[in-house]
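Peer 1: I am sharing protein-v1.cif, which consists of mmCIF, N, CA and C atoms; chains and numbers go by the auth columns:
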```cif
data_protein
#
loop_
_atom_site.group_PDB
_atom_site.id
_atom_site.type_symbol
_atom_site.label_atom_id
_atom_site.label_comp_id
_atom_site.label_asym_id
_atom_site.label_seq_id
_atom_site.Cartn_x
_atom_site.Cartn_y
_atom_site.Cartn_z
_atom_site.B_iso_or_equiv
_atom_site.auth_seq_id
_atom_site.auth_asym_id
ATOM 1 N N MET A 1 -77.206 140.143 145.300 0.00 1 C
ATOM 2 C CA MET A 1 -77.922 138.902 145.048 0.00 1 C
ATOM 3 C C MET A 1 -77.339 138.248 143.798 0.00 1 C
ATOM 4 N N ASN A 2 -77.185 136.949 143.838 0.00 2 C
ATOM 5 C CA ASN A 2 -76.694 136.176 142.703 0.00 2 C
ATOM 6 C C ASN A 2 -77.886 135.839 141.802 0.00 2 C
ATOM 7 N N TRP A 3 -78.090 136.620 140.746 0.00 3 C
ATOM 8 C CA TRP A 3 -79.250 136.449 139.867 0.00 3 C
ATOM 9 C C TRP A 3 -79.180 135.166 139.056 0.00 3 C
ATOM 10 N N GLN A 4 -77.982 134.717 138.766 0.00 4 C
ATOM 11 C CA GLN A 4 -77.841 133.450 138.034 0.00 4 C
ATOM 12 C C GLN A 4 -78.389 132.300 138.884 0.00 4 C
ATOM 13 N N LEU A 5 -78.003 132.258 140.145 0.00 5 C
ATOM 14 C CA LEU A 5 -78.507 131.227 141.050 0.00 5 C
ATOM 15 C C LEU A 5 -80.016 131.362 141.233 0.00 5 C
ATOM 16 N N PHE A 6 -80.493 132.573 141.364 0.00 6 C
ATOM 17 C CA PHE A 6 -81.923 132.838 141.484 0.00 6 C
ATOM 18 C C PHE A 6 -82.671 132.265 140.272 0.00 6 C
ATOM 19 N N GLY A 7 -82.141 132.505 139.076 0.00 7 C
ATOM 20 C CA GLY A 7 -82.760 132.001 137.851 0.00 7 C
ATOM 21 C C GLY A 7 -82.739 130.490 137.769 0.00 7 C
ATOM 22 N N ILE A 8 -81.645 129.873 138.201 0.00 8 C
ATOM 23 C CA ILE A 8 -81.560 128.407 138.199 0.00 8 C
ATOM 24 C C ILE A 8 -82.596 127.817 139.140 0.00 8 C
ATOM 25 N N ILE A 9 -82.705 128.370 140.337 0.00 9 C
ATOM 26 C CA ILE A 9 -83.686 127.868 141.304 0.00 9 C
ATOM 27 C C ILE A 9 -85.113 128.056 140.774 0.00 9 C
ATOM 28 N N ALA A 10 -85.399 129.215 140.199 0.00 10 C
ATOM 29 C CA ALA A 10 -86.729 129.469 139.630 0.00 10 C
ATOM 30 C C ALA A 10 -87.032 128.473 138.518 0.00 10 C
ATOM 31 N N GLY A 11 -86.065 128.221 137.668 0.00 11 C
ATOM 32 C CA GLY A 11 -86.257 127.274 136.575 0.00 11 C
ATOM 33 C C GLY A 11 -86.483 125.855 137.060 0.00 11 C
ATOM 34 N N ILE A 12 -85.732 125.456 138.054 0.00 12 C
ATOM 35 C CA ILE A 12 -85.904 124.112 138.609 0.00 12 C
ATOM 36 C C ILE A 12 -87.284 123.973 139.246 0.00 12 C
ATOM 37 N N LEU A 13 -87.694 124.970 139.999 0.00 13 C
ATOM 38 C CA LEU A 13 -89.012 124.909 140.644 0.00 13 C
ATOM 39 C C LEU A 13 -90.144 124.823 139.621 0.00 13 C
ATOM 40 N N THR A 14 -90.095 125.641 138.595 0.00 14 C
ATOM 41 C CA THR A 14 -91.166 125.599 137.600 0.00 14 C
ATOM 42 C C THR A 14 -91.130 124.309 136.793 0.00 14 C
ATOM 43 N N SER A 15 -89.949 123.818 136.476 0.00 15 C
ATOM 44 C CA SER A 15 -89.846 122.570 135.733 0.00 15 C
ATOM 45 C C SER A 15 -90.330 121.385 136.548 0.00 15 C
ATOM 46 N N PHE A 16 -90.041 121.383 137.834 0.00 16 C
ATOM 47 C CA PHE A 16 -90.462 120.270 138.677 0.00 16 C
ATOM 48 C C PHE A 16 -91.958 120.290 138.961 0.00 16 C
ATOM 49 N N GLY A 17 -92.651 121.312 138.457 0.00 17 C
ATOM 50 C CA GLY A 17 -94.105 121.321 138.534 0.00 17 C
ATOM 51 C C GLY A 17 -94.719 120.177 137.729 0.00 17 C
ATOM 52 N N PHE A 18 -93.956 119.594 136.800 0.00 18 C
ATOM 53 C CA PHE A 18 -94.436 118.461 136.011 0.00 18 C
ATOM 54 C C PHE A 18 -94.358 117.143 136.777 0.00 18 C
ATOM 55 N N VAL A 19 -93.535 117.071 137.787 0.00 19 C
ATOM 56 C CA VAL A 19 -93.287 115.815 138.497 0.00 19 C
ATOM 57 C C VAL A 19 -94.558 115.215 139.110 0.00 19 C
ATOM 58 N N PRO A 20 -95.421 115.988 139.774 0.00 20 C
ATOM 59 C CA PRO A 20 -96.644 115.374 140.311 0.00 20 C
ATOM 60 C C PRO A 20 -97.510 114.721 139.222 0.00 20 C
ATOM 61 N N GLN A 21 -97.577 115.321 138.035 0.00 21 C
ATOM 62 C CA GLN A 21 -98.351 114.726 136.935 0.00 21 C
ATOM 63 C C GLN A 21 -97.708 113.439 136.459 0.00 21 C
ATOM 64 N N ILE A 22 -96.385 113.415 136.389 0.00 22 C
ATOM 65 C CA ILE A 22 -95.670 112.201 135.978 0.00 22 C
ATOM 66 C C ILE A 22 -95.912 111.092 136.998 0.00 22 C
ATOM 67 N N ILE A 23 -95.812 111.413 138.276 0.00 23 C
ATOM 68 C CA ILE A 23 -96.037 110.415 139.335 0.00 23 C
ATOM 69 C C ILE A 23 -97.473 109.897 139.284 0.00 23 C
ATOM 70 N N GLN A 24 -98.428 110.806 139.159 0.00 24 C
ATOM 71 C CA GLN A 24 -99.841 110.406 139.091 0.00 24 C
ATOM 72 C C GLN A 24 -100.099 109.518 137.870 0.00 24 C
ATOM 73 N N GLY A 25 -99.538 109.903 136.744 0.00 25 C
ATOM 74 C CA GLY A 25 -99.706 109.101 135.530 0.00 25 C
ATOM 75 C C GLY A 25 -99.082 107.730 135.665 0.00 25 C
ATOM 76 N N TYR A 26 -97.932 107.653 136.301 0.00 26 C
ATOM 77 C CA TYR A 26 -97.272 106.361 136.511 0.00 26 C
ATOM 78 C C TYR A 26 -98.100 105.476 137.437 0.00 26 C
ATOM 79 N N ARG A 27 -98.648 106.064 138.475 0.00 27 C
ATOM 80 C CA ARG A 27 -99.455 105.290 139.427 0.00 27 C
ATOM 81 C C ARG A 27 -100.750 104.783 138.805 0.00 27 C
ATOM 82 N N THR A 28 -101.448 105.650 138.090 0.00 28 C
ATOM 83 C CA THR A 28 -102.768 105.294 137.561 0.00 28 C
ATOM 84 C C THR A 28 -102.708 104.682 136.165 0.00 28 C
ATOM 85 N N LYS A 29 -101.609 104.902 135.466 0.00 29 C
ATOM 86 C CA LYS A 29 -101.454 104.460 134.076 0.00 29 C
ATOM 87 C C LYS A 29 -102.553 105.066 133.199 0.00 29 C
ATOM 88 N N HIS A 30 -103.011 106.247 133.577 0.00 30 C
ATOM 89 C CA HIS A 30 -104.131 106.897 132.892 0.00 30 C
ATOM 90 C C HIS A 30 -103.780 108.368 132.643 0.00 30 C
ATOM 91 N N LEU A 31 -103.582 108.711 131.379 0.00 31 C
ATOM 92 C CA LEU A 31 -103.290 110.103 131.021 0.00 31 C
ATOM 93 C C LEU A 31 -104.215 110.564 129.898 0.00 31 C
ATOM 94 N N LYS A 32 -105.408 110.007 129.863 0.00 32 C
ATOM 95 C CA LYS A 32 -106.373 110.308 128.809 0.00 32 C
ATOM 96 C C LYS A 32 -106.654 111.806 128.689 0.00 32 C
ATOM 97 N N ASP A 33 -106.741 112.501 129.802 0.00 33 C
ATOM 98 C CA ASP A 33 -107.078 113.923 129.791 0.00 33 C
ATOM 99 C C ASP A 33 -105.895 114.838 129.468 0.00 33 C
ATOM 100 N N LEU A 34 -104.718 114.272 129.362 0.00 34 C
ATOM 101 C CA LEU A 34 -103.533 115.063 129.038 0.00 34 C
ATOM 102 C C LEU A 34 -103.546 115.393 127.541 0.00 34 C
ATOM 103 N N SER A 35 -103.251 116.617 127.194 0.00 35 C
ATOM 104 C CA SER A 35 -103.299 117.067 125.801 0.00 35 C
ATOM 105 C C SER A 35 -101.942 116.912 125.120 0.00 35 C
ATOM 106 N N TYR A 36 -101.948 116.168 124.003 0.00 36 C
ATOM 107 C CA TYR A 36 -100.734 116.077 123.196 0.00 36 C
ATOM 108 C C TYR A 36 -100.324 117.464 122.696 0.00 36 C
ATOM 109 N N MET A 37 -101.314 118.227 122.268 0.00 37 C
ATOM 110 C CA MET A 37 -101.043 119.547 121.688 0.00 37 C
ATOM 111 C C MET A 37 -100.377 120.474 122.710 0.00 37 C
ATOM 112 N N MET A 38 -100.932 120.536 123.904 0.00 38 C
ATOM 113 C CA MET A 38 -100.372 121.426 124.924 0.00 38 C
ATOM 114 C C MET A 38 -98.953 121.008 125.285 0.00 38 C
ATOM 115 N N ASN A 39 -98.763 119.729 125.556 0.00 39 C
ATOM 116 C CA ASN A 39 -97.432 119.278 125.947 0.00 39 C
ATOM 117 C C ASN A 39 -96.452 119.343 124.777 0.00 39 C
ATOM 118 N N GLY A 40 -96.924 119.076 123.566 0.00 40 C
ATOM 119 C CA GLY A 40 -96.054 119.175 122.399 0.00 40 C
ATOM 120 C C GLY A 40 -95.599 120.604 122.147 0.00 40 C
ATOM 121 N N LEU A 41 -96.538 121.546 122.218 0.00 41 C
ATOM 122 C CA LEU A 41 -96.174 122.952 122.028 0.00 41 C
ATOM 123 C C LEU A 41 -95.253 123.446 123.131 0.00 41 C
ATOM 124 N N LEU A 42 -95.546 123.022 124.347 0.00 42 C
ATOM 125 C CA LEU A 42 -94.702 123.425 125.473 0.00 42 C
ATOM 126 C C LEU A 42 -93.287 122.861 125.318 0.00 42 C
ATOM 127 N N ALA A 43 -93.175 121.593 124.941 0.00 43 C
ATOM 128 C CA ALA A 43 -91.857 120.986 124.736 0.00 43 C
ATOM 129 C C ALA A 43 -91.111 121.685 123.600 0.00 43 C
ATOM 130 N N PHE A 44 -91.816 122.012 122.514 0.00 44 C
ATOM 131 C CA PHE A 44 -91.189 122.701 121.389 0.00 44 C
ATOM 132 C C PHE A 44 -90.707 124.089 121.808 0.00 44 C
ATOM 133 N N GLY A 45 -91.557 124.819 122.518 0.00 45 C
ATOM 134 C CA GLY A 45 -91.180 126.152 122.999 0.00 45 C
ATOM 135 C C GLY A 45 -90.003 126.102 123.954 0.00 45 C
ATOM 136 N N MET A 46 -90.020 125.124 124.861 0.00 46 C
ATOM 137 C CA MET A 46 -88.904 124.978 125.790 0.00 46 C
ATOM 138 C C MET A 46 -87.634 124.583 125.048 0.00 46 C
ATOM 139 N N GLY A 47 -87.779 123.792 123.995 0.00 47 C
ATOM 140 C CA GLY A 47 -86.624 123.448 123.167 0.00 47 C
ATOM 141 C C GLY A 47 -86.027 124.687 122.519 0.00 47 C
ATOM 142 N N MET A 48 -86.903 125.582 122.079 0.00 48 C
ATOM 143 C CA MET A 48 -86.414 126.844 121.502 0.00 48 C
ATOM 144 C C MET A 48 -85.721 127.697 122.559 0.00 48 C
ATOM 145 N N TRP A 49 -86.292 127.749 123.771 0.00 49 C
ATOM 146 C CA TRP A 49 -85.643 128.479 124.866 0.00 49 C
ATOM 147 C C TRP A 49 -84.286 127.855 125.188 0.00 49 C
ATOM 148 N N LEU A 50 -84.213 126.536 125.123 0.00 50 C
ATOM 149 C CA LEU A 50 -82.945 125.851 125.380 0.00 50 C
ATOM 150 C C LEU A 50 -81.889 126.285 124.371 0.00 50 C
ATOM 151 N N ILE A 51 -82.259 126.295 123.102 0.00 51 C
ATOM 152 C CA ILE A 51 -81.324 126.743 122.062 0.00 51 C
ATOM 153 C C ILE A 51 -80.907 128.195 122.311 0.00 51 C
ATOM 154 N N TYR A 52 -81.873 129.024 122.665 0.00 52 C
ATOM 155 C CA TYR A 52 -81.582 130.429 122.980 0.00 52 C
ATOM 156 C C TYR A 52 -80.605 130.522 124.163 0.00 52 C
ATOM 157 N N GLY A 53 -80.857 129.740 125.225 0.00 53 C
ATOM 158 C CA GLY A 53 -79.987 129.754 126.401 0.00 53 C
ATOM 159 C C GLY A 53 -78.579 129.293 126.078 0.00 53 C
ATOM 160 N N ILE A 54 -78.476 128.265 125.226 0.00 54 C
ATOM 161 C CA ILE A 54 -77.161 127.780 124.816 0.00 54 C
ATOM 162 C C ILE A 54 -76.431 128.873 124.033 0.00 54 C
ATOM 163 N N ASN A 55 -77.152 129.522 123.127 0.00 55 C
ATOM 164 C CA ASN A 55 -76.559 130.601 122.330 0.00 55 C
ATOM 165 C C ASN A 55 -76.052 131.729 123.214 0.00 55 C
ATOM 166 N N ARG A 56 -76.807 132.043 124.271 0.00 56 C
ATOM 167 C CA ARG A 56 -76.423 133.135 125.177 0.00 56 C
ATOM 168 C C ARG A 56 -75.501 132.664 126.300 0.00 56 C
ATOM 169 N N ARG A 57 -75.290 131.351 126.371 0.00 57 C
ATOM 170 C CA ARG A 57 -74.487 130.754 127.446 0.00 57 C
ATOM 171 C C ARG A 57 -75.056 131.111 128.818 0.00 57 C
ATOM 172 N N ASP A 58 -76.380 130.992 128.927 0.00 58 C
ATOM 173 C CA ASP A 58 -77.084 131.332 130.163 0.00 58 C
ATOM 174 C C ASP A 58 -77.489 130.047 130.881 0.00 58 C
ATOM 175 N N THR A 59 -76.769 129.721 131.929 0.00 59 C
ATOM 176 C CA THR A 59 -76.975 128.475 132.660 0.00 59 C
ATOM 177 C C THR A 59 -78.397 128.335 133.184 0.00 59 C
ATOM 178 N N ALA A 60 -78.970 129.405 133.681 0.00 60 C
ATOM 179 C CA ALA A 60 -80.322 129.335 134.236 0.00 60 C
ATOM 180 C C ALA A 60 -81.334 128.918 133.167 0.00 60 C
ATOM 181 N N ILE A 61 -81.248 129.509 132.008 0.00 61 C
ATOM 182 C CA ILE A 61 -82.172 129.167 130.922 0.00 61 C
ATOM 183 C C ILE A 61 -81.936 127.731 130.456 0.00 61 C
ATOM 184 N N ILE A 62 -80.686 127.342 130.364 0.00 62 C
ATOM 185 C CA ILE A 62 -80.347 125.989 129.912 0.00 62 C
ATOM 186 C C ILE A 62 -80.879 124.940 130.885 0.00 62 C
ATOM 187 N N VAL A 63 -80.593 125.091 132.161 0.00 63 C
ATOM 188 C CA VAL A 63 -81.007 124.105 133.173 0.00 63 C
ATOM 189 C C VAL A 63 -82.531 123.985 133.224 0.00 63 C
ATOM 190 N N ALA A 64 -83.207 125.115 133.260 0.00 64 C
ATOM 191 C CA ALA A 64 -84.671 125.104 133.356 0.00 64 C
ATOM 192 C C ALA A 64 -85.295 124.410 132.157 0.00 64 C
ATOM 193 N N ASN A 65 -84.775 124.656 130.991 0.00 65 C
ATOM 194 C CA ASN A 65 -85.421 124.126 129.802 0.00 65 C
ATOM 195 C C ASN A 65 -85.008 122.710 129.453 0.00 65 C
ATOM 196 N N ILE A 66 -83.829 122.284 129.865 0.00 66 C
ATOM 197 C CA ILE A 66 -83.471 120.869 129.707 0.00 66 C
ATOM 198 C C ILE A 66 -84.444 120.022 130.521 0.00 66 C
ATOM 199 N N SER A 67 -84.621 120.372 131.776 0.00 67 C
ATOM 200 C CA SER A 67 -85.523 119.583 132.617 0.00 67 C
ATOM 201 C C SER A 67 -86.962 119.693 132.126 0.00 67 C
ATOM 202 N N GLY A 68 -87.385 120.873 131.704 0.00 68 C
ATOM 203 C CA GLY A 68 -88.745 121.046 131.205 0.00 68 C
ATOM 204 C C GLY A 68 -89.021 120.209 129.963 0.00 68 C
ATOM 205 N N VAL A 69 -88.082 120.188 129.025 0.00 69 C
ATOM 206 C CA VAL A 69 -88.243 119.379 127.815 0.00 69 C
ATOM 207 C C VAL A 69 -88.303 117.899 128.182 0.00 69 C
ATOM 208 N N ILE A 70 -87.414 117.459 129.051 0.00 70 C
ATOM 209 C CA ILE A 70 -87.398 116.049 129.461 0.00 70 C
ATOM 210 C C ILE A 70 -88.723 115.668 130.112 0.00 70 C
ATOM 211 N N PHE A 71 -89.223 116.495 131.027 0.00 71 C
ATOM 212 C CA PHE A 71 -90.480 116.179 131.705 0.00 71 C
ATOM 213 C C PHE A 71 -91.654 116.173 130.734 0.00 71 C
ATOM 214 N N ASN A 72 -91.697 117.133 129.822 0.00 72 C
ATOM 215 C CA ASN A 72 -92.778 117.170 128.837 0.00 72 C
ATOM 216 C C ASN A 72 -92.740 115.954 127.925 0.00 72 C
ATOM 217 N N LEU A 73 -91.563 115.598 127.437 0.00 73 C
ATOM 218 C CA LEU A 73 -91.447 114.423 126.578 0.00 73 C
ATOM 219 C C LEU A 73 -91.795 113.148 127.338 0.00 73 C
ATOM 220 N N THR A 74 -91.471 113.110 128.612 0.00 74 C
ATOM 221 C CA THR A 74 -91.851 111.970 129.447 0.00 74 C
ATOM 222 C C THR A 74 -93.366 111.835 129.497 0.00 74 C
ATOM 223 N N LEU A 75 -94.066 112.937 129.719 0.00 75 C
ATOM 224 C CA LEU A 75 -95.528 112.895 129.763 0.00 75 C
ATOM 225 C C LEU A 75 -96.121 112.480 128.417 0.00 75 C
ATOM 226 N N ILE A 76 -95.568 112.986 127.327 0.00 76 C
ATOM 227 C CA ILE A 76 -96.056 112.609 126.000 0.00 76 C
ATOM 228 C C ILE A 76 -95.850 111.114 125.772 0.00 76 C
ATOM 229 N N PHE A 77 -94.669 110.617 126.100 0.00 77 C
ATOM 230 C CA PHE A 77 -94.389 109.186 125.955 0.00 77 C
ATOM 231 C C PHE A 77 -95.337 108.357 126.821 0.00 77 C
ATOM 232 N N MET A 78 -95.539 108.776 128.073 0.00 78 C
ATOM 233 C CA MET A 78 -96.422 108.029 128.977 0.00 78 C
ATOM 234 C C MET A 78 -97.845 107.999 128.441 0.00 78 C
ATOM 235 N N LYS A 79 -98.332 109.122 127.937 0.00 79 C
ATOM 236 C CA LYS A 79 -99.692 109.171 127.378 0.00 79 C
ATOM 237 C C LYS A 79 -99.804 108.201 126.208 0.00 79 C
ATOM 238 N N PHE A 80 -98.820 108.211 125.324 0.00 80 C
ATOM 239 C CA PHE A 80 -98.820 107.314 124.184 0.00 80 C
ATOM 240 C C PHE A 80 -98.740 105.847 124.642 0.00 80 C
ATOM 241 N N TYR A 81 -97.809 105.551 125.509 0.00 81 C
ATOM 242 C CA TYR A 81 -97.559 104.173 125.964 0.00 81 C
ATOM 243 C C TYR A 81 -98.766 103.614 126.725 0.00 81 C
ATOM 244 N N TYR A 82 -99.265 104.362 127.692 0.00 82 C
ATOM 245 C CA TYR A 82 -100.400 103.865 128.472 0.00 82 C
ATOM 246 C C TYR A 82 -101.692 103.892 127.667 0.00 82 C
ATOM 247 N N GLY A 83 -101.788 104.788 126.707 0.00 83 C
ATOM 248 C CA GLY A 83 -102.973 104.818 125.843 0.00 83 C
ATOM 249 C C GLY A 83 -103.061 103.581 124.958 0.00 83 C
ATOM 250 N N LYS A 84 -101.929 103.082 124.527 0.00 84 C
ATOM 251 C CA LYS A 84 -101.888 101.865 123.698 0.00 84 C
ATOM 252 C C LYS A 84 -102.296 100.623 124.509 0.00 84 C
ATOM 253 N N LYS A 85 -102.042 100.656 125.800 0.00 85 C
ATOM 254 C CA LYS A 85 -102.353 99.505 126.654 0.00 85 C
ATOM 255 C C LYS A 85 -103.833 99.402 126.972 0.00 85 C
ATOM 256 N N HIS A 86 -104.563 100.535 126.865 0.00 86 C
ATOM 257 C CA HIS A 86 -105.980 100.533 127.245 0.00 86 C
ATOM 258 C C HIS A 86 -106.867 100.472 126.038 0.00 86 C
#
```
Could you write out this structure as structure tokens?
Peer 2:
Amino acid sequence: MNWQLFGIIAGILTSFGFVPQIIQGYRTKHLKDLSYMMNGLLAFGMGMWLIYGINRRDTAIIVANISGVIFNLTLIFMKFYYGKKH
């Protein structure tokens, strides 16, 4: 079994778990119940995992955490942006 490919697929699947929330937030323009703290800590932790993956040259860790950080920051930005409009 190719464990590197397995890890990349696992990382992509878990990271794309944020996509339904992003889509819902975009449609409703309402992210009031989303926690800055949770998403901020998650983005920070994923950023640390990204640095760790880069240091180890582990593609699976890098891919999973790049997408995770991007999705988390997207949600934080959307909460801030749509919160200012309401």
Peer 1: Report the centre and edge lengths, in Å to one decimal, of an axis-aligned box enclosing every atom of region 53-72 of chain C listed in the file, padded by 3 Å on each side, as JSON.
Peer 2:
```
{"center_x": -83.6, "center_y": 124.4, "center_z": 128.3, "size_x": 24.3, "size_y": 23.5, "size_z": 17.9}
```
Peer 1: At most 8 Å from (-104.6, 102.9, 127.3), file frame, only N, CA and C atoms: which residues, as a PyMOL selection string?
Peer 2: chain C and resi 29-32+79-86
Peer 1: Expressed in Å to a single decimal, how great is the separation between atom C of Gly47 (chain C) and CA of Gly7 (chain C)?
Peer 2: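 Taking atom C of Gly47 (chain C) as the start and CA of Gly7 (chain C) as the end point, the length is 17.3 Å.
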Peer 1: Do you know which residues are at most 6 Å from region 59-61 of chain C counting all atoms listed in the file, after dropping those on the same chain fewer than 5 positions away, and could you put them as a PyMOL selection string?
Peer 2: chain C and resi 4+7-8+49-50+53+66
Peer 1: Give as a list in words the residues that the PyMOL selection byres (((chain C and resi 19 and name CA) around 12) and name CA) matches when applied to the coordinates above.
Peer 2: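 Here the PyMOL selection byres (((chain C and resi 19 and name CA) around 12) and name CA) matches Ile12, Leu13, Thr14, Ser15, Phe16, Gly17, Phe18, Pro20, Gln21, Ile22, Ile23, Gln24, Gly25, Tyr26, Ser67, Gly68, Ile70, Phe71, Asn72, Thr74 and Leu75 of chain C.
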